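What follows is the content of data-v2.cif, which has mmCIF, C-alpha atoms:
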data_my_file
loop_
_atom_site.label_atom_id
_atom_site.label_comp_id
_atom_site.auth_asym_id
_atom_site.auth_seq_id
_atom_site.Cartn_x
_atom_site.Cartn_y
_atom_site.Cartn_z
CA MET A 17 58.39 146.44 -4.32
CA PHE A 18 54.77 147.40 -4.00
CA GLU A 19 53.82 151.04 -3.48
CA LEU A 20 51.58 151.83 -0.56
CA PRO A 21 48.78 154.30 -1.20
CA GLU A 22 49.68 157.80 -0.08
CA PRO A 23 47.18 157.91 2.83
CA ILE A 24 48.72 154.76 4.28
CA GLN A 25 52.22 156.12 3.86
CA LYS A 26 51.18 159.28 5.68
CA PHE A 27 49.45 157.24 8.37
CA LEU A 28 52.53 155.09 8.95
CA VAL A 29 54.82 158.11 9.12
CA LYS A 30 52.51 159.75 11.65
CA LEU A 31 52.22 156.51 13.63
CA ILE A 32 55.98 156.18 13.84
CA SER A 33 56.39 159.86 14.64
CA ASP A 34 53.85 159.64 17.43
CA THR A 35 54.99 156.35 19.00
CA ARG A 36 58.65 155.70 18.19
CA LEU A 37 60.40 159.02 18.91
CA PRO A 38 62.23 159.14 15.59
CA ALA A 39 65.60 160.83 15.23
CA TYR A 40 67.87 161.09 12.22
CA MET A 41 71.27 162.11 10.96
CA PHE A 42 72.81 162.35 7.53
CA ILE A 43 76.56 161.94 7.28
CA GLN A 44 78.41 162.72 4.10
CA SER A 45 80.86 160.26 2.62
CA ASP A 46 83.72 162.36 4.08
CA GLY A 47 82.35 161.78 7.62
CA ILE A 48 80.90 165.27 8.07
CA LEU A 49 77.49 165.57 9.68
CA LYS A 50 75.24 167.36 7.27
CA LEU A 51 71.81 167.03 8.74
CA SER A 52 70.28 165.98 12.05
CA GLY A 53 66.98 166.21 13.84
CA GLY A 54 64.14 164.53 15.66
CA MET A 55 64.36 163.20 19.21
CA LEU A 56 68.13 162.69 19.35
CA SER A 57 68.39 163.97 22.92
CA VAL A 58 66.24 161.15 24.34
CA TYR A 59 68.88 158.70 23.13
CA GLY A 60 71.64 160.52 24.94
CA ILE A 61 72.87 162.40 21.90
CA GLY A 62 73.39 166.08 22.74
CA ALA A 63 73.35 169.14 20.52
CA LEU A 64 75.10 168.31 17.30
CA ASN A 65 77.12 170.62 15.11
CA ASN A 66 76.40 170.23 11.48
CA ASP A 67 79.35 170.49 9.10
CA LYS A 68 81.60 168.90 11.74
CA PRO A 69 82.99 165.35 11.78
CA ILE A 70 80.46 162.92 13.25
CA SER A 71 83.08 160.70 14.88
CA GLU A 72 83.71 163.32 17.57
CA GLN A 73 80.03 163.85 18.27
CA VAL A 74 78.28 160.48 18.13
CA LEU A 75 80.56 157.88 19.68
CA PHE A 76 78.58 154.74 18.91
CA LEU A 77 79.22 155.33 15.20
CA GLU A 78 82.93 154.65 15.73
CA GLY A 79 84.06 152.13 13.15
CA LEU A 80 80.67 151.85 11.44
CA LEU A 81 81.17 154.47 8.71
CA PRO A 82 81.45 154.38 5.83
CA LEU A 83 78.95 151.54 5.52
CA THR A 84 80.34 148.52 3.78
CA SER A 85 76.94 146.92 3.46
CA SER A 86 73.62 148.70 3.49
CA PRO A 87 71.34 148.69 5.32
CA LEU A 88 72.74 147.93 8.79
CA PHE A 89 70.42 147.33 11.70
CA LEU A 90 71.43 147.70 15.36
CA PRO A 91 68.51 146.68 17.54
CA HIS A 92 68.04 147.70 21.17
CA LEU A 93 71.01 150.01 21.40
CA ASN A 94 71.30 151.68 24.77
CA ILE A 95 73.55 154.65 25.28
CA ASP A 96 72.44 156.32 28.48
CA ASN A 97 70.32 153.76 30.36
CA ASN A 98 67.07 155.62 29.67
CA PHE A 99 65.96 155.00 26.13
CA ALA A 100 66.92 152.09 23.93
CA ALA A 101 66.85 152.65 20.19
CA ASP A 102 66.56 150.55 17.13
CA VAL A 103 69.16 152.09 14.84
CA TYR A 104 69.04 151.81 11.06
CA LEU A 105 71.92 152.90 8.84
CA PHE A 106 71.51 152.98 5.10
CA ASN A 107 73.31 154.60 2.24
CA GLY A 108 71.71 157.49 0.47
CA ASN A 109 72.93 159.93 -2.13
CA GLU A 110 76.62 160.60 -1.28
CA GLY A 111 76.24 159.76 2.35
CA THR A 112 74.67 157.64 5.03
CA TRP A 113 71.34 158.12 6.71
CA ILE A 114 70.94 157.10 10.31
CA VAL A 115 67.48 156.65 11.75
CA MET A 116 66.79 155.96 15.39
CA LEU A 117 63.46 154.68 16.70
CA ASP A 118 62.49 154.13 20.30
CA ALA A 119 62.72 150.47 21.34
CA SER A 120 62.42 151.00 25.10
CA SER A 121 59.00 149.45 25.30
CA GLU A 122 60.20 146.35 23.46
CA VAL A 123 63.28 146.13 25.72
CA ARG A 124 61.11 146.44 28.84
CA LYS A 125 58.91 143.61 27.57
CA ARG A 126 61.82 141.40 26.63
CA LYS A 127 63.97 141.94 29.67
CA PRO A 128 61.93 139.94 32.26
CA LEU A 129 61.36 137.12 29.78
CA GLN A 130 65.04 136.95 28.89
CA GLN A 131 66.01 137.22 32.56
CA LYS A 132 63.67 134.33 33.39
CA ALA A 133 65.01 132.23 30.49
CA HIS A 134 68.63 132.83 31.55
CA ASP A 135 67.88 132.20 35.22
CA LEU A 136 66.19 128.93 34.23
CA SER A 137 69.14 127.95 32.05
CA LEU A 138 71.51 128.64 34.94
CA THR A 139 69.32 126.54 37.26
CA VAL A 140 69.25 123.72 34.71
CA SER A 141 73.04 123.93 34.33
CA GLU A 142 73.42 123.77 38.10
CA LEU A 143 71.08 120.78 38.28
CA GLU A 144 72.94 119.06 35.45
CA ARG A 145 76.22 119.67 37.25
CA THR A 146 74.79 118.27 40.48
CA GLU A 147 73.39 115.28 38.59
CA ALA A 148 76.77 114.67 36.93
CA GLU A 149 78.44 114.80 40.36
CA LEU A 150 75.88 112.37 41.75
CA ILE A 151 76.37 110.00 38.81
CA GLN A 152 80.13 110.15 39.32
CA GLU A 153 79.74 109.47 43.05
CA LYS A 154 77.38 106.60 42.24
CA GLU A 155 79.91 105.12 39.80
CA GLU A 156 82.67 105.46 42.38
CA LEU A 157 80.44 103.80 44.95
CA ALA A 158 79.60 100.99 42.52
CA THR A 159 83.32 100.47 41.85
CA LEU A 160 83.94 100.39 45.59
CA VAL A 161 81.12 97.87 46.07
CA ASP A 162 82.51 95.74 43.22
CA ASP A 163 85.97 95.83 44.78
CA ARG A 164 84.58 94.90 48.20
CA THR A 165 82.43 92.15 46.67
CA LEU A 166 85.45 90.73 44.88
CA GLU A 167 87.46 90.92 48.09
CA LEU A 168 84.66 89.17 49.99
CA ALA A 169 84.38 86.49 47.29
CA ARG A 170 88.13 85.92 47.56
CA THR A 171 87.94 85.70 51.35
CA ASN A 172 84.96 83.38 51.07
CA LEU A 173 86.85 81.14 48.66
CA GLN A 174 89.86 81.18 50.97
CA LEU A 175 87.64 80.23 53.91
CA LYS A 176 86.05 77.42 51.91
CA LEU A 177 89.49 76.10 51.00
CA GLU A 178 90.59 76.35 54.63
CA LEU A 179 87.41 74.57 55.74
CA GLN A 180 88.02 71.84 53.17
CA GLU A 181 91.59 71.54 54.39
CA LYS A 182 90.44 71.43 58.01
CA GLN A 183 87.87 68.78 57.09
CA LYS A 184 90.58 66.80 55.34
CA VAL A 185 92.86 67.05 58.38
CA GLU A 186 90.00 66.08 60.70
CA ASN A 187 89.14 63.13 58.50
CA ALA A 188 92.79 62.05 58.46
CA LEU A 189 92.95 62.49 62.23
CA ARG A 190 89.77 60.50 62.73
CA GLU A 191 91.10 57.80 60.45
CA SER A 192 94.41 57.84 62.29
CA GLU A 193 92.64 57.74 65.65
CA GLY A 194 90.52 54.84 64.42
CA LYS A 195 93.60 52.98 63.30
CA PHE A 196 95.29 53.70 66.60
CA ARG A 197 92.18 52.71 68.54
CA ARG A 198 92.04 49.41 66.62
CA LEU A 199 95.75 48.84 67.32
CA PHE A 200 95.15 49.75 70.99
CA GLU A 201 92.24 47.35 71.29
CA SER A 202 93.87 44.53 69.32
CA ASN A 203 96.35 44.05 72.17
CA MET A 204 99.01 42.97 69.65
CA ILE A 205 101.40 45.33 71.42
CA GLY A 206 101.23 46.92 74.81
CA VAL A 207 100.11 50.57 74.80
CA MET A 208 99.90 52.95 77.72
CA PHE A 209 99.41 56.69 78.29
CA ARG A 210 101.04 58.68 81.04
CA ASP A 211 100.66 62.27 82.10
CA ALA A 212 103.32 64.83 82.99
CA ASN A 213 103.17 63.76 86.64
CA GLY A 214 104.11 60.21 85.83
CA VAL A 215 100.64 58.73 86.42
CA VAL A 216 99.64 56.05 83.92
CA THR A 217 96.24 57.29 82.75
CA ASP A 218 95.29 54.52 80.32
CA ALA A 219 96.66 51.26 79.06
CA ASN A 220 95.43 48.34 77.08
CA ASP A 221 95.09 44.84 78.43
CA ALA A 222 98.33 43.76 76.73
CA PHE A 223 100.38 46.32 78.64
CA LEU A 224 98.62 45.66 81.94
CA GLN A 225 99.35 41.99 81.42
CA MET A 226 103.05 42.70 80.70
CA ILE A 227 103.46 44.56 84.00
CA GLY A 228 101.04 42.32 85.90
CA TYR A 229 98.52 44.94 86.95
CA GLU A 230 94.69 44.84 86.88
CA ARG A 231 92.42 47.38 85.16
CA LEU A 232 91.12 48.33 88.60
CA ASP A 233 94.66 49.45 89.56
CA LEU A 234 94.70 51.61 86.48
CA LEU A 235 91.28 53.14 87.12
CA SER A 236 92.23 53.92 90.71
CA GLY A 237 95.44 55.71 89.53
CA LYS A 238 97.70 53.29 91.35
CA ILE A 239 100.07 52.67 88.48
CA ARG A 240 102.88 55.20 88.58
CA TRP A 241 105.65 55.41 86.02
CA ASP A 242 108.47 55.68 88.54
CA GLU A 243 107.17 52.66 90.47
CA ILE A 244 106.90 50.33 87.48
CA THR A 245 110.33 51.38 86.08
CA ALA A 246 113.25 49.38 87.40
CA ALA A 247 115.83 51.52 89.22
CA ASP A 248 118.62 50.51 86.80
CA SER A 249 116.45 51.48 83.84
CA ARG A 250 115.58 54.92 85.20
CA SER A 251 118.98 56.32 84.17
CA LEU A 252 117.89 55.92 80.54
CA ASP A 253 114.95 58.20 81.02
CA PRO A 254 116.61 61.70 80.85
CA GLN A 255 118.18 60.81 77.49
CA ALA A 256 114.90 59.43 76.25
CA LEU A 257 113.06 62.52 77.50
CA GLN A 258 115.45 64.80 75.62
CA GLU A 259 114.85 62.88 72.39
CA LEU A 260 111.16 63.01 73.06
CA ARG A 261 111.29 66.79 73.47
CA PHE A 262 113.27 67.36 70.26
CA ARG A 263 111.77 64.75 67.99
CA GLY A 264 108.35 64.20 69.59
CA ALA A 265 109.19 60.49 69.94
CA TYR A 266 112.06 58.35 71.00
CA THR A 267 113.66 55.26 69.53
CA PRO A 268 112.44 51.99 71.03
CA ARG A 269 114.94 50.65 73.54
CA GLU A 270 115.17 47.87 76.03
CA LYS A 271 113.80 48.81 79.41
CA THR A 272 113.25 46.82 82.57
CA PHE A 273 109.96 47.13 84.40
CA ILE A 274 108.89 45.92 87.84
CA ARG A 275 105.71 43.93 87.73
CA LYS A 276 103.13 44.27 90.51
CA ASP A 277 104.32 40.99 92.00
CA GLY A 278 107.89 42.39 92.11
CA GLU A 279 109.24 40.31 89.26
CA ARG A 280 111.48 42.10 86.72
CA VAL A 281 110.44 42.05 83.07
CA LYS A 282 112.36 43.32 80.03
CA LEU A 283 110.36 45.11 77.36
CA LEU A 284 111.23 46.81 74.08
CA PHE A 285 109.83 50.26 74.86
CA GLY A 286 109.15 53.36 72.77
CA ALA A 287 107.16 56.60 73.24
CA ALA A 288 105.67 59.55 71.42
CA LEU A 289 104.21 62.89 72.54
CA ILE A 290 100.54 63.50 71.96
CA GLU A 291 98.34 66.50 72.68
CA GLY A 292 97.54 67.55 76.23
CA GLN A 293 101.08 66.93 77.52
CA GLN A 294 100.38 63.23 77.49
CA THR A 295 102.83 60.63 76.33
CA VAL A 296 101.74 57.50 74.57
CA CYS A 297 104.07 54.61 75.14
CA TYR A 298 104.19 51.31 73.44
CA ALA A 299 105.90 48.19 74.56
CA LEU A 300 106.71 44.86 73.05
CA SER A 301 107.52 41.81 75.06
CA MET A 302 111.15 40.64 74.71
CA ASP A 303 110.12 37.01 75.11
CA MET B 15 92.24 161.62 20.45
CA LEU B 16 92.04 158.00 19.47
CA GLN B 17 88.73 156.17 19.73
CA LYS B 18 88.49 152.39 19.76
CA LYS B 19 85.42 150.20 19.78
CA ILE B 20 85.66 147.11 21.99
CA CYS B 21 83.04 144.34 21.94
CA MET B 22 82.34 142.23 25.00
CA LEU B 23 81.70 138.69 23.74
CA GLY B 24 80.66 135.58 25.61
CA ALA B 25 77.77 133.43 26.73
CA PHE B 26 75.05 134.89 28.93
CA ALA B 27 75.75 135.42 32.63
CA VAL B 28 79.53 135.15 32.28
CA GLY B 29 79.96 138.63 33.78
CA LYS B 30 80.42 140.91 30.76
CA THR B 31 78.32 143.72 32.25
CA SER B 32 79.96 143.29 35.66
CA LEU B 33 83.41 143.57 34.10
CA VAL B 34 82.43 146.79 32.30
CA GLN B 35 80.88 148.21 35.46
CA ARG B 36 83.97 147.32 37.47
CA PHE B 37 86.26 148.88 34.86
CA VAL B 38 84.22 152.03 34.13
CA GLN B 39 82.55 152.78 37.48
CA SER B 40 84.48 150.58 39.96
CA ILE B 41 81.23 149.05 41.18
CA TYR B 42 79.94 145.50 41.44
CA SER B 43 76.51 144.00 41.97
CA GLU B 44 75.95 140.39 43.11
CA LYS B 45 72.63 140.18 41.31
CA TYR B 46 72.58 139.00 37.73
CA HIS B 47 70.84 141.44 35.35
CA THR B 48 70.50 140.26 31.79
CA THR B 49 71.44 142.68 29.01
CA VAL B 50 68.94 143.17 26.22
CA GLY B 51 70.53 144.27 22.95
CA VAL B 52 73.68 146.24 23.60
CA LYS B 53 74.73 148.79 26.18
CA ILE B 54 77.46 151.26 25.23
CA ASP B 55 79.85 152.74 27.77
CA LYS B 56 83.03 154.67 27.39
CA LYS B 57 86.22 155.19 29.31
CA LEU B 58 89.30 157.27 28.70
CA VAL B 59 92.57 155.48 29.29
CA ALA B 60 96.21 156.34 28.81
CA VAL B 61 98.28 154.08 26.60
CA GLY B 62 101.82 155.34 26.61
CA ASP B 63 101.60 158.98 25.55
CA GLU B 64 98.23 158.47 23.90
CA THR B 65 94.83 159.06 25.44
CA VAL B 66 92.38 156.55 24.09
CA ASN B 67 88.62 156.73 24.33
CA LEU B 68 87.43 153.14 24.70
CA LEU B 69 83.87 152.56 23.52
CA LEU B 70 82.69 149.42 25.25
CA TRP B 71 79.89 147.53 23.53
CA ASP B 72 78.43 145.25 26.15
CA ILE B 73 76.59 142.84 23.88
CA GLN B 74 73.74 140.63 25.03
CA GLY B 75 75.10 137.20 25.92
CA GLU B 76 73.93 134.20 23.98
CA ASP B 77 74.20 130.45 24.45
CA GLY B 78 75.17 129.99 20.80
CA VAL B 79 77.18 131.89 18.23
CA GLU B 80 74.36 131.62 15.71
CA LYS B 81 72.31 134.00 17.86
CA LEU B 82 75.06 136.58 18.05
CA ARG B 83 74.07 139.63 16.03
CA SER B 84 76.93 140.36 13.64
CA SER B 85 75.95 144.01 13.12
CA TYR B 86 77.04 144.74 16.72
CA LEU B 87 80.58 143.64 15.88
CA ARG B 88 80.90 145.90 12.87
CA GLY B 89 83.75 148.38 13.26
CA ALA B 90 85.25 146.78 16.40
CA ALA B 91 88.97 147.35 16.89
CA GLY B 92 89.22 144.61 19.51
CA TYR B 93 87.18 142.34 21.73
CA LEU B 94 87.16 140.78 25.14
CA LEU B 95 86.21 137.11 25.10
CA VAL B 96 84.63 136.35 28.45
CA ILE B 97 84.39 132.86 29.99
CA ASP B 98 82.70 131.92 33.26
CA SER B 99 85.24 129.87 35.20
CA THR B 100 82.41 128.08 37.04
CA ARG B 101 80.67 126.88 33.85
CA ARG B 102 82.78 124.73 31.53
CA GLU B 103 80.25 125.06 28.72
CA THR B 104 80.94 128.82 28.37
CA LEU B 105 84.46 127.94 27.21
CA ASP B 106 83.11 126.12 24.13
CA ILE B 107 80.79 129.03 23.36
CA ALA B 108 83.75 131.41 23.66
CA TYR B 109 85.80 129.30 21.22
CA ARG B 110 82.98 129.46 18.68
CA MET B 111 82.50 133.20 19.17
CA GLN B 112 86.21 133.80 18.69
CA LYS B 113 86.09 131.89 15.40
CA PHE B 114 83.04 133.85 14.31
CA ALA B 115 84.61 137.19 15.26
CA GLN B 116 87.84 136.33 13.45
CA GLU B 117 85.95 135.35 10.31
CA MET B 118 84.03 138.60 10.43
CA LEU B 119 86.62 141.10 11.66
CA GLY B 120 89.89 139.47 10.68
CA LEU B 121 92.90 139.21 13.00
CA ILE B 122 92.15 142.06 15.36
CA PRO B 123 93.43 142.13 18.98
CA PHE B 124 91.46 140.31 21.62
CA VAL B 125 91.95 139.22 25.20
CA VAL B 126 90.47 136.15 26.87
CA VAL B 127 89.05 136.74 30.31
CA ILE B 128 88.29 133.82 32.61
CA ASN B 129 85.97 135.51 35.05
CA LYS B 130 84.52 134.71 38.50
CA THR B 131 87.78 133.20 39.70
CA ASP B 132 86.94 134.31 43.24
CA LEU B 133 84.60 131.26 43.25
CA VAL B 134 87.55 128.95 43.78
CA ASP B 135 85.51 125.89 44.83
CA GLN B 136 83.46 126.01 41.64
CA TYR B 137 86.37 126.44 39.19
CA GLU B 138 85.87 124.18 36.15
CA ILE B 139 88.36 125.25 33.48
CA GLU B 140 90.96 122.55 32.91
CA ASP B 141 94.64 123.37 32.54
CA VAL B 142 94.60 121.77 29.10
CA ALA B 143 92.24 124.55 27.91
CA LEU B 144 94.59 127.21 29.23
CA ASP B 145 97.52 125.45 27.56
CA TYR B 146 95.60 125.36 24.29
CA MET B 147 94.88 129.11 24.45
CA LYS B 148 98.48 129.91 25.28
CA GLU B 149 99.67 127.72 22.40
CA GLN B 150 97.44 129.80 20.12
CA GLY B 151 99.21 132.90 21.38
CA TRP B 152 96.07 134.22 23.06
CA ILE B 153 96.38 136.61 25.98
CA VAL B 154 94.50 135.15 28.94
CA TYR B 155 93.57 136.80 32.23
CA LYS B 156 91.92 135.18 35.22
CA THR B 157 89.66 137.88 36.59
CA SER B 158 87.04 138.60 39.19
CA ALA B 159 84.64 141.45 38.59
CA LYS B 160 83.66 141.02 42.23
CA THR B 161 87.13 141.64 43.68
CA GLY B 162 88.47 143.57 40.69
CA GLN B 163 91.30 141.09 40.20
CA SER B 164 93.05 141.70 36.85
CA VAL B 165 90.06 143.53 35.35
CA GLU B 166 91.91 146.75 34.65
CA GLU B 167 94.94 144.86 33.35
CA ALA B 168 92.79 142.94 30.86
CA PHE B 169 91.20 146.10 29.42
CA LEU B 170 94.45 148.05 29.37
CA THR B 171 96.31 145.21 27.68
CA LEU B 172 93.64 145.10 24.99
CA ALA B 173 93.80 148.90 24.62
CA SER B 174 97.56 148.70 24.23
CA LYS B 175 97.27 145.94 21.61
CA MET B 176 94.69 147.96 19.66
CA VAL B 177 96.91 151.04 19.63
CA GLU B 178 99.87 148.96 18.43
CA ALA B 179 97.80 147.27 15.70
#
Transcribe the structure of this file into structure tokens.
Amino acid sequence: MFELPEPIQKFLVKLISDTRLPAYMFIQSDGILKLSGGMLSVYGIGALNNDKPISEQVLFLEGLLPLTSSPLFLPHLNIDNNFAADVYLFNGNEGTWIVMLDASSEVRKRKPLQQKAHDLSLTVSELERTEAELIQEKEELATLVDDRTLELARTNLQLKLELQEKQKVENALRESEGKFRRLFESNMIGVMFRDANGVVTDANDAFLQMIGYERLDLLSGKIRWDEITAADSRSLDPQALQELRFRGAYTPREKTFIRKDGERVKLLFGAALIEGQQTVCYALSMD
Amino acid sequence: MLQKKICMLGAFAVGKTSLVQRFVQSIYSEKYHTTVGVKIDKKLVAVGDETVNLLLWDIQGEDGVEKLRSSYLRGAAGYLLVIDSTRRETLDIAYRMQKFAQEMLGLIPFVVVINKTDLVDQYEIEDVALDYMKEQGWIVYKTSAKTGQSVEEAFLTLASKMVEA
């Protein structure tokens, strides 16, 4: 260790004495205070009794003596809220020296900076917490959107399938209607439609020919079911109607009709229900 | 008369100073005032037939154990490990400080204090952490320096443990 010239040593001692309010104590190895002095009172340490145990007089030394490692430095120690001290403990000849130097100025400088740093850290923590909450909410929202999107995709697929099915049914219906229309127009068998009131609403030429009516009679609503059915064939109708209600159609059976000119004609006659409470009937000549 | 040195350990702004003020002076301040260095207070308490002078070293809080000044811990007979229940990160700092204190001071009595529990809506300490501490045999108190909840009990329990030790 280099030796400072004596004038500098004296200058430093005076500088410290003038600016750092030095105080000191010397405690023997047996814990008895042997020497004390300086500005102890400014650090909240009252009148000390030499030759008495230090533990009862200076409380902050509790547990520190004897020193297990020397020196020991306790910066910015505050006992009474007024002055803070930098405390140095080091072993000397058969005892421990304790030196206290004023650190109040340093504490006053540090306090606002440290306060600001801690306040900022707390603000950052709060912001981080808020950000984490927002991220979590965003993730939950994204999951919700994914779920909804999946649900919509499923519904969309279901709708597409239903549309395809509907299209298929419509196509089949159109095809069936086409076939029926061709059968109707071919006049290979007689076909007629009647409504719930017994009015014949449509018929092909073959049927009109079988019962001897004209198309004009048909268009003017003059062909009525009860009038073209022979009285002795009418008794069959309730049974046929019941079968029609249960099965949607009834088995072809022989039925006698009255032609327009009054002549009786026997036809093999069947029927099926179609939409709109209409009944389609078909008839084959028994000739 | 017995004298025991207690160190207040924990991250900054967990409420160490508020706990000491509540215990020693029965006062509380809403405003956060940082502690520079260490502030020493004392309080006489009765433990059984003994009167014990507790010397409370309210040590400047740090956000890492590496910044904790070990000289402040020298000679402690026990410590209070303070956690802020509204900041999960102070739990990890407390774990590290406990490890550091144990390495330095050995197995001396300590009490864990989960502070600010009056802020119920902001509580962040998971049950698993409490279970862990209980499994370790640690004494844990949920406190509020603001309301005074369990503050006295925490200090007196530590005092009792130090006298027994």
Practice prompt. Using only C-alpha atoms, find the residues of chain B whose closest atom to chain A is at most 10 Å away, then write them as number ranges by chain.
Written response: B: 15, 17-19, 26-27, 46-56, 67-77, 83-91, 101, 103
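The two atoms in question, atom CA of Asp218 of chain A and atom CA of Leu234 of chain A, are spaced 6.8 Å apart.
Note that the spacing between atom CA of Lys130 of chain B and atom CA of Val28 of chain B amounts to 8.0 Å.
For segment 22-33 of chain A, the non-local neighbours within 10 Å, defined as residues at least 5 positions apart in the same chain or in other chains and counting all atoms listed in the file, are Pro38, Ala39, Gly54, Met55, Leu117 and Asp118 of chain A.
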Worksheet entry | Explicit residue set for the PyMOL selection byres ((chain A and resi 213) around 12), as a PyMOL selection string | chain A and resi 209-212+214-217+237+239-242+293-295
Discussion item. Selection in question (the file shown): the PyMOL selection byres ((chain B and resi 148-160) around 9). Which residues does it include, as number ranges by chain?
Written reply: B: 29-30, 32-37, 41-44, 99, 124-133, 143-147, 161-165, 167-168, 171-172
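Interatomic distance, atom CA of Cys21 of chain B against atom CA of Gly92 of chain B: 6.6 Å.
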Practice prompt. Give me the residues within 10 Å of Trp113 of chain A as a PyMOL selection string, counting only C-alpha atoms and dropping any in the same chain fewer than 6 places off.
Written response: chain A and resi 40-44+51-52+87+104-107
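Residue nearest Leu82 of chain B within the list B:Val134, B:Met111, B:Leu58, B:Met22: B:Met111 [criterion: smallest interatomic distance, all atoms listed in the file].
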Practice prompt. Do a neighbour search on segment 259-262 of chain A at 12 Å with only C-alpha atoms, toss out local chain neighbours closer than 5 positions, and write the hits as a PyMOL selection string.
Written response: chain A and resi 252-254+267-268+286-290+293-297
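Closest to Gly206 of chain A among A:Leu283, A:Ala169, A:Leu175, A:Ile244 is A:Leu283, based on all atoms listed in the file.
Shortest separation to Phe273 of chain A among A:Leu257, A:Leu189, A:Ala246, A:Ile48 occurs at residue A:Ala246, atoms counted being all atoms listed in the file.
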